[in-house]
Structure formats: structure tokens, C-alpha cells
Amino acid sequence: MAKNSDKSLVIVESPAKAKTLSKFLGSSFTILPSYGHIVDLPEKNMGVDIEDNFKPTYVVLKEKQKILSEIKKQAKDKQKIYLATDPDREGEAIGWHIKNKLLEEKTGRAKAKNKKAATSKKAGDDKQFLRVEFHEITKSAVEDAFKHPRDIDVNLIEAQQGRRILDRIVGYLLSPLLWRKIARGLSAGRVQSVALRLVVEREREIIAFKAQEYWDIEAEFKKADTSFTAKLERIEDKKAEIKNKEEAEGLVEAIKSEVFTVEDIKETEKKRNPLPPFITSTLQQEAFNKLGFNANKTMSLAQALYEGIDFPDGPLGLITYMRTDSPKAADSAINEVRGFINKEFGKDYLPQAPNYYKPKKSAQEAHEAIRPTSVLRKPKDIELFLDNDLFRLYELIWKRFAASQMKPAVYLQTSIDIKGGQFIFRASASRMLFAGCSVLYITDDENGQSKVLPDLIKGEKLDLVNLTPAQHFTKAPPRFSDASLVRALEEDGIGRPSTYAPTLQTLVYRDYARRISGYFHPTELGMKVIDLLVAYFANIVNVEFTAKIEESLDEVEEGKINYAEILKDFYTPFKADLDFAQANIKKEVIYTDEVCSLCGKPMVIKWGRAGKFLSCSAFPECRFAKSITTGIKCPQDNCSGELIERRGRRGRFFYGCSNYPKCTFTSNKLPANLKQ
């Protein structure tokens, strides 16, 4: 058994990751979790010296004092300390801060000794801090990482500090203005505010939208015993545009008298190329679209799959690191999946050369796509060891990666034009010729069943069986879902893989928007916050400006510029906007018809953590306040109360009785069939 002094110390973020690593590293290593960041900017002050080149002041988080003490205790007699935190900016920063705290400990001990003792070197007195990076928690990946440690990446630290300091400046200086204008406890964030603006502007588009009526006409044609449908496409070589019922009925009467023949038949082979392996944004989008998971749930499940799942022979990481913007896969993984495809599906499904996918310009090339750590670990073979949601997400990731190295699916698309006088009807169908990648991964546009068309010959006559006019209305643009909002942020260059899920979660946590049936609805509070930011801080909620900042921060990571340069360029106009707002912003007061039951002064609407409420306008002299009811009576027998929207400890909203605690009625929704 190895002595404690012979062991090495390994620092990771989570207990689950520590448990999985212990399986591979053995008794020569002591593994401790940091439970995320141990050091950060202080809570009670900004912690950034703007005058001194935006120098940050870091403190040990109060809840992490004991954790740091344990790390220091274990590090005392260890010569090698491995920083095995996650392979991204945040992971680099966590390891860097821990290293600095341990070096402070060593320096402090040295100063306590006399000069001779402090300058002398004893065997094992100098600790080695070794950064290890792996993108999957498997035996081979972990062992290889520990054989090839590196130094802390200074550029990654600079990039993380730049983002953290910029976000602190924005949040710390803007939040008090929101408190003055709207309500205490509100916050504004750099990425969060742009996301909220997208949600609010979409809602206003929906409110302003006016539906337009239009009609189409579908014809049923028959050849022998086979019938099929076609839609009116053109009238006298112009696109058929039918505005109302009268036009539709007039056209139906005119069409009935025509004789129809097949005018044109077009058959085209189309390929549907395989999709690239998942990156963070596409995983969140597909998990919502196919599984109904919000972004936060998706990332929580993905983290569990990455850090390790318990199997009979110990925990094992099932997927690669889940925060990435690169669709690249390791050569070893590509070779493995190509062998799997050849064995399971045959050479007809295997491309002659591997499929490679080009990352976008800002992608971190060192990262891999999200893929299974071994494609040989088929979902059905490990289903017993996963709960249902973990299994469904793993299956989605597995299928997407395996399909990414297959040949394209091939379809025969048929389009038939049927002419009768001045009217052209069109029927279309699609038939699969070769399944290719769709044998494993079906896209949304492949889910529908294509109709079957009979064999037709150009020029042959067809019997018109029936005509069906149908009324439609144009639809307002849809509200954002987790999938579409993440896609919009990514397309606009807002945020990065690690920020999508927490950004969306913050909108809900702050009650700036609510998820209703999976779609974001901005609250009245969210709209007020955006209106204020647009009026006084146009750059903060400007998509192009925020995207440019993101690009500049990426350049810090590449070592091209220093983060202080970005902060200087940002802060000067921001400070001007801030000064103007502080001089001109005024508290909005919304008076109601109600009067205070204690002092008779008018009641005003205010916002708190649980939403809107009524407060006496004489506050703080008079502190009377009460909830705003829905106007709907409590359904409990013999109860005179009304239902109030309340917010639970976990941020969820529900309805409760105004007579609580005498009446304990609660409901997640307003009871049906109740009127105000």
C-alpha cells in the first residue's frame, strides 16, 4: 500500500467524476472534488479595480472554505498535484485558482520560517502542478492524459477572466438602476439581456400580427382504380393566390368543366447527407425537438453521461465532454464507427472515405464533438443501467454519431403537373431508394409518410373525382422554444456552448419569461426590463454589438489581444450611458383605484421576487401590502377567498387561496370552468 506522501493529488469538479476516475487511477492517487468554482469575485462589492486596468480581486467563496481546507490538507505532503478539471475556460480557471491558493499556502509557510530555512530546498519541497485534459472519461483517455500533462493555459485564463469581469461590470452597475426604476432584486446580464430582447420582440410581433385569409383547392384525380390528390398550383402561368371564399367557389365551378391530362412528369434523385455529430447547441435543439427536454435538463443529463454511470465493474463515462462547438471526432473514434457500420450494416452503407465536418470559425478546434466514448456500447446493450431519460439522450447521441459516418440517404422525388384549361394542379411524392444514414437517424422532414402516386404517362387523361376548397389563415411567428432560442443565439453569435442553458434558465428564474407548454412567454416584468435597457443601454441589448464582443473575447483565447483592451473599449461608452441613465432615470409609479386599509393612501403596483403585489404609496411610513388576486374565487367549499399566483421555493408558479393558511387549496393551473 502506497504511503500518503507517495501519492499524488488529483482535483476534479464533481464527486461523480472523482468516483469514475478512481476506477482508472488506483490507490496511488487521492482524488478530491472542488464542487465547481472555489474562488470568484466577491458578492458584496464589484471586485474589479477599473482604474487599475480592470484588475480583479478574488475571494474564496464562503460555502467552499471547508472544501479548500481539505484540499490544502491533502496537498501538504503531495509532490504532484494534477488539475483534472473540465477541458474548457471554466475548468482551466478552477484549476488555476486552486493552484494559486496552494501556492499561497506554501509561501505563507516559508515566510513563517527564518531566512535560511525559507531559502533552503528539501527533497519534495517543490510541488509540481500538472494540468491534465481529457474529453472522455475512459481508461485509455485518462491514462493518456496523465502521461502527457501540460501547463496551465494562460490564454484560456485570460479569456475566462475577461468574460467574468465584463459580466460583473454589466451586472453590478446595471442592476441598481433596475432596482430604482422597477424593483429591488432584479438583474441584467450581458447575454441574458439579448436573449430576453429576442423573446420580447417576438412576443410583440405576435401581438401586432394580423392574420390574412387565404384558400387553396385540392383535387382528387383517378386513374383506373387508383386515386390521388393534387393541389392547384397555377392559373394562366401565375401562382394561384385565392383570397376569399367567393374566389374559391368561383374557381371550383370553372375547374369542374375542364378535361385534365398529365402535362409533365419530373423525377429527380435527391440525397440527404448525414448530419454532423452533436455540438452543444445542436444537442440542446434536438433533445427539445425529439425528446421534449429543456436545455437545462439536457445538459444535466449529458453531464451525468460524461462523468460516469455505474456498471457492475465500476463507473464509466459514456459520452465525450458536452460543452463544445466543434463537430470533429477523434480518428480512433472514426475508425471504430466505420468498422461497426461495415459489420452491422455492410459495405453498401460505408463511405469510401470518412465523413469530415467543418467547424465554424469561432469553434475551439481542440475540442471534439459530443459522441459515445465507444460506438460498440450500443444503447440496447446498456439500457438496464440507465434510467429512461439518460437512456433516451444516450441513444440520441449514439445514433447521431453512428449515422454521421454513413452514406447519404437517397430519395426519388416525383412531381406531376396536371393541366385542365388554364389550371395546373401539382402532385408530389418521395420514395426512398436507399436508406443510408436514415436507417439510424431520421430527421423531422423524413418522419411524415409520403403519398403514393400511380404510374402515369405524359399526355394521358385523368378523371376528376372531387374538388375541395379549404380556408386558411396566415400564422403569427412562433414563440421561441429552447431549441429555436438556442439556434437564434448561436446564429447571431451570442453566447458560447457553456452559456446557452444557464442563460435560458436565468430568464425563467428571474421571472422575465415563463416556459408555457415548452415555449417562452415574456412576463410584464421582462418587457419592462427590456424597455428600460433599450431606452438607456442600446448596446447592451444590441445583437451585433454583443456578437462583436464575443468575437473579441475569442481572440483573447487565441492570444491575439489582452482582455483589458476589450474592457476599455466597452467601458467608455457604457460609462457614458450609465451616467446619463443615473441622471435621468425615474422610478415608475403605477397607481391603482384601491386605497390602503391602514392609512387611506392610494395603493401602487410593485414587483417582488414572487411577482406583482400591491403596496401603500406612503411606504416606508406605511408598510401595508397585499397580493394581487386573479379575481377568481377559491373552489373550496365555504371559502370566501380568491386565488393568488404564488411562487414556490424552486421558482415554480402556482395558484393558492388568499385565505392561506386557513385555506390550503393550491393548483398548478387556474381551475377550469371558473369565472371571475
# chains A, B, ... in the order shown; residues from 1 in each chain; ligands from 1
>>> residues_around(residues="Ser658 of chain A", least_positions_apart="4", cutoff="8 Å", atoms="only C-alpha atoms", output="number ranges by chain")
A: 627, 629, 641-644, 663
>>> write_last_selection(atoms="N, CA and C atoms", output="mmCIF file, in the first residue's frame")
data_model
loop_
_atom_site.group_PDB
_atom_site.id
_atom_site.type_symbol
_atom_site.label_atom_id
_atom_site.label_comp_id
_atom_site.auth_asym_id
_atom_site.auth_seq_id
_atom_site.Cartn_x
_atom_site.Cartn_y
_atom_site.Cartn_z
ATOM 1 N N SER A 627 -51.311 40.897 -1.709
ATOM 2 C CA SER A 627 -51.173 40.245 -3.012
ATOM 3 C C SER A 627 -52.261 40.725 -3.969
ATOM 4 N N THR A 629 -54.934 39.509 -6.480
ATOM 5 C CA THR A 629 -55.640 38.259 -6.760
ATOM 6 C C THR A 629 -55.997 38.170 -8.239
ATOM 7 N N GLY A 641 -62.241 33.168 -0.088
ATOM 8 C CA GLY A 641 -61.005 33.691 -0.652
ATOM 9 C C GLY A 641 -60.974 33.698 -2.171
ATOM 10 N N GLU A 642 -59.961 34.371 -2.707
ATOM 11 C CA GLU A 642 -59.722 34.378 -4.145
ATOM 12 C C GLU A 642 -58.343 33.799 -4.421
ATOM 13 N N LEU A 643 -58.162 33.292 -5.645
ATOM 14 C CA LEU A 643 -56.901 32.662 -5.990
ATOM 15 C C LEU A 643 -55.833 33.705 -6.300
ATOM 16 N N ILE A 644 -54.635 33.434 -5.812
ATOM 17 C CA ILE A 644 -53.475 34.317 -5.986
ATOM 18 C C ILE A 644 -52.360 33.508 -6.635
ATOM 19 N N CYS A 663 -57.082 28.366 4.492
ATOM 20 C CA CYS A 663 -57.420 27.518 3.343
ATOM 21 C C CYS A 663 -56.118 27.170 2.631
#
>>> atom_distance(atom1="atom CA of Val12 of chain A", atom2="atom CA of Leu32 of chain A")
6.3 Å
>>> select_by_dssp(residues="segment 233-332 of chain A", states="alpha helix (DSSP H)", output="PyMOL selection string")
chain A and resi 245-256+280-286+295-307+331-332
>>> closest_atom_pairs(of="segment 477-552 of chain A", to="segment 573-578 of chain A", cutoff="9 Å", atoms="only C-alpha atoms", output="JSON lines")
{"residue": "A:Tyr536", "atom": "CA", "partner": "A:Asp577", "partner_atom": "CA", "distance": 6.4}
{"residue": "A:Phe537", "atom": "CA", "partner": "A:Asp577", "partner_atom": "CA", "distance": 6.2}
{"residue": "A:Ala538", "atom": "CA", "partner": "A:Asp577", "partner_atom": "CA", "distance": 8.9}
{"residue": "A:Asn539", "atom": "CA", "partner": "A:Phe574", "partner_atom": "CA", "distance": 8.1}
{"residue": "A:Ile540", "atom": "CA", "partner": "A:Phe574", "partner_atom": "CA", "distance": 8.5}
>>> write_last_selection(atoms="C-alpha atoms", output="CSV table (one decimal), in the first residue's frame")
chain,number,residue,atom,x,y,z
A,536,TYR,CA,-30.8,53.7,-21.9
A,537,PHE,CA,-28.4,51.0,-22.9
A,538,ALA,CA,-28.9,50.2,-26.5
A,539,ASN,CA,-25.5,48.5,-26.9
A,540,ILE,CA,-26.1,46.0,-24.1
>>> residues_around(residues="Ala224 of chain A", least_positions_apart="5", cutoff="10 Å", atoms="only C-alpha atoms", output="PDB file with C-alpha atoms, in the first residue's frame")
ATOM      1  CA  PRO A 454     -49.818   5.788 -59.636  1.00  0.00           C
ATOM      2  CA  LEU A 462     -57.321  11.614 -65.770  1.00  0.00           C
ATOM      3  CA  ASP A 463     -60.788  11.613 -64.229  1.00  0.00           C
TER       4      ASP A 463
END
>>> closest_atom_pairs(of="segment 438-553 of chain A", to="segment 83-95 of chain A", cutoff="12 Å", atoms="only C-alpha atoms", output="Markdown table")
| residue | atom | partner | partner_atom | distance |
| --- | --- | --- | --- | --- |
| A:Arg496 | CA | A:Arg89 | CA | 11.0 |
| A:Pro497 | CA | A:Asp88 | CA | 10.1 |
| A:Ser498 | CA | A:Glu90 | CA | 8.8 |
| A:Thr499 | CA | A:Glu90 | CA | 11.1 |
| A:Leu553 | CA | A:Arg89 | CA | 11.5 |
>>> write_last_selection(atoms="all heavy atoms", output="PDB file, in the first residue's frame")
ATOM      1  N   ARG A 496     -21.801  31.258 -25.864  1.00  0.00           N
ATOM      2  CA  ARG A 496     -20.964  30.143 -26.269  1.00  0.00           C
ATOM      3  C   ARG A 496     -21.522  28.870 -25.643  1.00  0.00           C
ATOM      4  O   ARG A 496     -22.450  28.930 -24.835  1.00  0.00           O
ATOM      5  CB  ARG A 496     -19.504  30.392 -25.843  1.00  0.00           C
ATOM      6  CG  ARG A 496     -18.802  31.512 -26.648  1.00  0.00           C
ATOM      7  CD  ARG A 496     -18.728  31.163 -28.130  1.00  0.00           C
ATOM      8  NE  ARG A 496     -18.052  32.192 -28.935  1.00  0.00           N
ATOM      9  CZ  ARG A 496     -18.683  33.090 -29.673  1.00  0.00           C
ATOM     10  NH1 ARG A 496     -20.017  33.124 -29.663  1.00  0.00           N
ATOM     11  NH2 ARG A 496     -18.010  33.952 -30.410  1.00  0.00           N
ATOM     12  N   PRO A 497     -20.998  27.686 -25.976  1.00  0.00           N
ATOM     13  CA  PRO A 497     -21.618  26.433 -25.518  1.00  0.00           C
ATOM     14  C   PRO A 497     -21.961  26.376 -24.036  1.00  0.00           C
ATOM     15  O   PRO A 497     -23.005  25.844 -23.662  1.00  0.00           O
ATOM     16  CB  PRO A 497     -20.565  25.378 -25.891  1.00  0.00           C
ATOM     17  CG  PRO A 497     -19.893  25.934 -27.102  1.00  0.00           C
ATOM     18  CD  PRO A 497     -19.849  27.416 -26.875  1.00  0.00           C
ATOM     19  N   SER A 498     -21.093  26.929 -23.205  1.00  0.00           N
ATOM     20  CA  SER A 498     -21.328  26.832 -21.760  1.00  0.00           C
ATOM     21  C   SER A 498     -22.419  27.779 -21.277  1.00  0.00           C
ATOM     22  O   SER A 498     -22.885  27.653 -20.136  1.00  0.00           O
ATOM     23  CB  SER A 498     -20.030  27.113 -20.997  1.00  0.00           C
ATOM     24  OG  SER A 498     -19.582  28.430 -21.264  1.00  0.00           O
ATOM     25  N   THR A 499     -22.843  28.740 -22.107  1.00  0.00           N
ATOM     26  CA  THR A 499     -23.768  29.782 -21.628  1.00  0.00           C
ATOM     27  C   THR A 499     -25.217  29.574 -22.042  1.00  0.00           C
ATOM     28  O   THR A 499     -26.105  30.190 -21.459  1.00  0.00           O
ATOM     29  CB  THR A 499     -23.326  31.177 -22.125  1.00  0.00           C
ATOM     30  OG1 THR A 499     -23.407  31.232 -23.557  1.00  0.00           O
ATOM     31  CG2 THR A 499     -21.904  31.470 -21.696  1.00  0.00           C
ATOM     32  N   LEU A 553     -13.540  38.396 -27.389  1.00  0.00           N
ATOM     33  CA  LEU A 553     -13.152  37.519 -26.287  1.00  0.00           C
ATOM     34  C   LEU A 553     -12.555  36.212 -26.806  1.00  0.00           C
ATOM     35  O   LEU A 553     -11.667  35.628 -26.167  1.00  0.00           O
ATOM     36  CB  LEU A 553     -14.362  37.245 -25.387  1.00  0.00           C
ATOM     37  CG  LEU A 553     -14.828  38.444 -24.549  1.00  0.00           C
ATOM     38  CD1 LEU A 553     -16.187  38.177 -23.937  1.00  0.00           C
ATOM     39  CD2 LEU A 553     -13.818  38.785 -23.476  1.00  0.00           C
TER      40      LEU A 553
END
>>> select_by_dssp(residues="segment 83-279 of chain A", states="strand (DSSP E)", output="ChimeraX atom specification")
/A:83,128-131,213-223,226-235,238-239,260-272
>>> residues_around(residues="Pro315 of chain A", least_positions_apart="3", cutoff="8 Å", atoms="only C-alpha atoms", output="PyMOL selection string")
chain A and resi 19-20+23+308-311
>>> atom_distance(atom1="atom CA of Val534 of chain A", atom2="atom CA of Gln284 of chain A")
28.8 Å
>>> closest_residue(among="A:Phe129, A:Phe613, A:Tyr655, A:Trp607", to="Ala183 of chain A", atoms="only C-alpha atoms")
A:Trp607
>>> atom_distance(atom1="atom CA of Arg180 of chain A", atom2="atom CA of Lys601 of chain A")
21.7 Å
>>> residues_around(residues="Leu350 of chain A", least_positions_apart="5", cutoff="9 Å", atoms="only C-alpha atoms", output="VMD selection string")
chain A and resid 338 to 339 341 to 342 345 405 to 407 436
>>> closest_residue(among="A:Ile319, A:Cys437, A:Ile334, A:Met603", to="Trp398 of chain A", atoms="only C-alpha atoms")
A:Ile319
>>> residues_around(residues="Arg190 of chain A", least_positions_apart="2", cutoff="8 Å", atoms="only C-alpha atoms", output="mmCIF file with N, CA, C and O atoms, in the first residue's frame")
data_model
loop_
_atom_site.group_PDB
_atom_site.id
_atom_site.type_symbol
_atom_site.label_atom_id
_atom_site.label_comp_id
_atom_site.auth_asym_id
_atom_site.auth_seq_id
_atom_site.Cartn_x
_atom_site.Cartn_y
_atom_site.Cartn_z
ATOM 1 N N ASP A 167 -18.904 40.576 -17.442
ATOM 2 C CA ASP A 167 -20.245 40.263 -16.950
ATOM 3 C C ASP A 167 -20.487 40.880 -15.572
ATOM 4 O O ASP A 167 -21.596 41.321 -15.265
ATOM 5 N N VAL A 170 -21.190 44.697 -16.042
ATOM 6 C CA VAL A 170 -22.548 44.913 -16.554
ATOM 7 C C VAL A 170 -23.583 44.657 -15.467
ATOM 8 O O VAL A 170 -24.449 45.492 -15.187
ATOM 9 N N GLY A 171 -23.498 43.494 -14.827
ATOM 10 C CA GLY A 171 -24.487 43.139 -13.818
ATOM 11 C C GLY A 171 -24.450 44.033 -12.592
ATOM 12 O O GLY A 171 -25.489 44.465 -12.090
ATOM 13 N N ALA A 188 -29.443 42.389 -14.577
ATOM 14 C CA ALA A 188 -29.260 42.460 -16.026
ATOM 15 C C ALA A 188 -27.955 41.754 -16.356
ATOM 16 O O ALA A 188 -26.949 41.950 -15.680
ATOM 17 N N GLN A 192 -27.830 37.317 -21.245
ATOM 18 C CA GLN A 192 -29.223 37.152 -20.829
ATOM 19 C C GLN A 192 -30.123 38.261 -21.381
ATOM 20 O O GLN A 192 -31.258 38.014 -21.814
ATOM 21 N N SER A 193 -29.627 39.493 -21.404
ATOM 22 C CA SER A 193 -30.441 40.629 -21.848
ATOM 23 C C SER A 193 -30.740 40.554 -23.343
ATOM 24 O O SER A 193 -31.844 40.897 -23.779
ATOM 25 N N VAL A 194 -29.777 40.100 -24.130
ATOM 26 C CA VAL A 194 -30.022 39.949 -25.565
ATOM 27 C C VAL A 194 -31.034 38.833 -25.806
ATOM 28 O O VAL A 194 -31.943 38.965 -26.641
ATOM 29 N N ILE A 540 -26.069 47.233 -24.921
ATOM 30 C CA ILE A 540 -26.147 46.026 -24.094
ATOM 31 C C ILE A 540 -27.111 45.010 -24.692
ATOM 32 O O ILE A 540 -26.898 43.801 -24.584
ATOM 33 N N VAL A 541 -28.185 45.487 -25.306
ATOM 34 C CA VAL A 541 -29.173 44.569 -25.873
ATOM 35 C C VAL A 541 -29.103 44.534 -27.397
ATOM 36 O O VAL A 541 -30.019 44.053 -28.056
ATOM 37 N N THR A 546 -23.129 42.749 -29.187
ATOM 38 C CA THR A 546 -22.808 41.636 -28.290
ATOM 39 C C THR A 546 -22.021 40.556 -29.015
ATOM 40 O O THR A 546 -21.092 39.967 -28.457
#
>>> decode(residues="segment 221-240 of chain A", atoms="N, CA, C and O atoms", output="PDB file, in the first residue's frame")
ATOM      1  N   PHE A 221     -57.927  13.113 -58.265  1.00  0.00           N
ATOM      2  CA  PHE A 221     -57.918  12.541 -59.607  1.00  0.00           C
ATOM      3  C   PHE A 221     -57.892  11.017 -59.505  1.00  0.00           C
ATOM      4  O   PHE A 221     -57.440  10.456 -58.496  1.00  0.00           O
ATOM      5  N   LYS A 222     -58.345  10.378 -60.609  1.00  0.00           N
ATOM      6  CA  LYS A 222     -58.415   8.917 -60.597  1.00  0.00           C
ATOM      7  C   LYS A 222     -57.898   8.354 -61.894  1.00  0.00           C
ATOM      8  O   LYS A 222     -58.181   8.861 -62.978  1.00  0.00           O
ATOM      9  N   LYS A 223     -57.085   7.301 -61.754  1.00  0.00           N
ATOM     10  CA  LYS A 223     -56.656   6.513 -62.916  1.00  0.00           C
ATOM     11  C   LYS A 223     -56.980   5.057 -62.600  1.00  0.00           C
ATOM     12  O   LYS A 223     -56.446   4.492 -61.646  1.00  0.00           O
ATOM     13  N   ALA A 224     -57.858   4.490 -63.394  1.00  0.00           N
ATOM     14  CA  ALA A 224     -58.337   3.128 -63.147  1.00  0.00           C
ATOM     15  C   ALA A 224     -58.912   3.062 -61.731  1.00  0.00           C
ATOM     16  O   ALA A 224     -59.807   3.826 -61.402  1.00  0.00           O
ATOM     17  N   ASP A 225     -58.351   2.179 -60.903  1.00  0.00           N
ATOM     18  CA  ASP A 225     -58.870   2.034 -59.542  1.00  0.00           C
ATOM     19  C   ASP A 225     -58.050   2.807 -58.507  1.00  0.00           C
ATOM     20  O   ASP A 225     -58.265   2.667 -57.313  1.00  0.00           O
ATOM     21  N   THR A 226     -57.103   3.602 -58.984  1.00  0.00           N
ATOM     22  CA  THR A 226     -56.228   4.334 -58.057  1.00  0.00           C
ATOM     23  C   THR A 226     -56.530   5.827 -58.103  1.00  0.00           C
ATOM     24  O   THR A 226     -56.591   6.421 -59.177  1.00  0.00           O
ATOM     25  N   SER A 227     -56.726   6.418 -56.933  1.00  0.00           N
ATOM     26  CA  SER A 227     -56.958   7.861 -56.864  1.00  0.00           C
ATOM     27  C   SER A 227     -55.836   8.517 -56.060  1.00  0.00           C
ATOM     28  O   SER A 227     -55.185   7.886 -55.236  1.00  0.00           O
ATOM     29  N   PHE A 228     -55.628   9.797 -56.315  1.00  0.00           N
ATOM     30  CA  PHE A 228     -54.604  10.565 -55.611  1.00  0.00           C
ATOM     31  C   PHE A 228     -55.011  12.030 -55.634  1.00  0.00           C
ATOM     32  O   PHE A 228     -55.911  12.431 -56.381  1.00  0.00           O
ATOM     33  N   THR A 229     -54.364  12.822 -54.818  1.00  0.00           N
ATOM     34  CA  THR A 229     -54.722  14.239 -54.718  1.00  0.00           C
ATOM     35  C   THR A 229     -53.611  15.125 -55.269  1.00  0.00           C
ATOM     36  O   THR A 229     -52.433  14.760 -55.274  1.00  0.00           O
ATOM     37  N   ALA A 230     -54.033  16.296 -55.744  1.00  0.00           N
ATOM     38  CA  ALA A 230     -53.091  17.303 -56.235  1.00  0.00           C
ATOM     39  C   ALA A 230     -53.641  18.675 -55.859  1.00  0.00           C
ATOM     40  O   ALA A 230     -54.857  18.856 -55.708  1.00  0.00           O
ATOM     41  N   LYS A 231     -52.757  19.642 -55.704  1.00  0.00           N
ATOM     42  CA  LYS A 231     -53.160  20.980 -55.273  1.00  0.00           C
ATOM     43  C   LYS A 231     -53.054  21.964 -56.435  1.00  0.00           C
ATOM     44  O   LYS A 231     -52.118  21.881 -57.237  1.00  0.00           O
ATOM     45  N   LEU A 232     -54.011  22.886 -56.525  1.00  0.00           N
ATOM     46  CA  LEU A 232     -53.983  23.913 -57.554  1.00  0.00           C
ATOM     47  C   LEU A 232     -52.732  24.763 -57.373  1.00  0.00           C
ATOM     48  O   LEU A 232     -52.542  25.412 -56.346  1.00  0.00           O
ATOM     49  N   GLU A 233     -51.868  24.760 -58.412  1.00  0.00           N
ATOM     50  CA  GLU A 233     -50.578  25.433 -58.324  1.00  0.00           C
ATOM     51  C   GLU A 233     -50.566  26.746 -59.098  1.00  0.00           C
ATOM     52  O   GLU A 233     -50.075  27.759 -58.610  1.00  0.00           O
ATOM     53  N   ARG A 234     -51.091  26.729 -60.332  1.00  0.00           N
ATOM     54  CA  ARG A 234     -51.009  27.924 -61.185  1.00  0.00           C
ATOM     55  C   ARG A 234     -52.327  28.122 -61.946  1.00  0.00           C
ATOM     56  O   ARG A 234     -53.062  27.183 -62.246  1.00  0.00           O
ATOM     57  N   ILE A 235     -52.562  29.395 -62.235  1.00  0.00           N
ATOM     58  CA  ILE A 235     -53.688  29.785 -63.099  1.00  0.00           C
ATOM     59  C   ILE A 235     -53.114  30.700 -64.166  1.00  0.00           C
ATOM     60  O   ILE A 235     -52.578  31.773 -63.852  1.00  0.00           O
ATOM     61  N   GLU A 236     -53.176  30.262 -65.426  1.00  0.00           N
ATOM     62  CA  GLU A 236     -52.601  31.031 -66.543  1.00  0.00           C
ATOM     63  C   GLU A 236     -51.142  31.400 -66.254  1.00  0.00           C
ATOM     64  O   GLU A 236     -50.745  32.549 -66.348  1.00  0.00           O
ATOM     65  N   ASP A 237     -50.379  30.424 -65.874  1.00  0.00           N
ATOM     66  CA  ASP A 237     -48.942  30.561 -65.635  1.00  0.00           C
ATOM     67  C   ASP A 237     -48.588  31.509 -64.486  1.00  0.00           C
ATOM     68  O   ASP A 237     -47.448  31.951 -64.369  1.00  0.00           O
ATOM     69  N   LYS A 238     -49.567  31.846 -63.677  1.00  0.00           N
ATOM     70  CA  LYS A 238     -49.299  32.633 -62.475  1.00  0.00           C
ATOM     71  C   LYS A 238     -49.633  31.802 -61.245  1.00  0.00           C
ATOM     72  O   LYS A 238     -50.542  30.972 -61.270  1.00  0.00           O
ATOM     73  N   LYS A 239     -48.881  32.028 -60.172  1.00  0.00           N
ATOM     74  CA  LYS A 239     -49.113  31.284 -58.938  1.00  0.00           C
ATOM     75  C   LYS A 239     -50.544  31.505 -58.465  1.00  0.00           C
ATOM     76  O   LYS A 239     -51.047  32.631 -58.451  1.00  0.00           O
ATOM     77  N   ALA A 240     -51.205  30.425 -58.101  1.00  0.00           N
ATOM     78  CA  ALA A 240     -52.597  30.512 -57.656  1.00  0.00           C
ATOM     79  C   ALA A 240     -52.659  31.188 -56.284  1.00  0.00           C
ATOM     80  O   ALA A 240     -52.118  30.669 -55.311  1.00  0.00           O
TER      81      ALA A 240
END
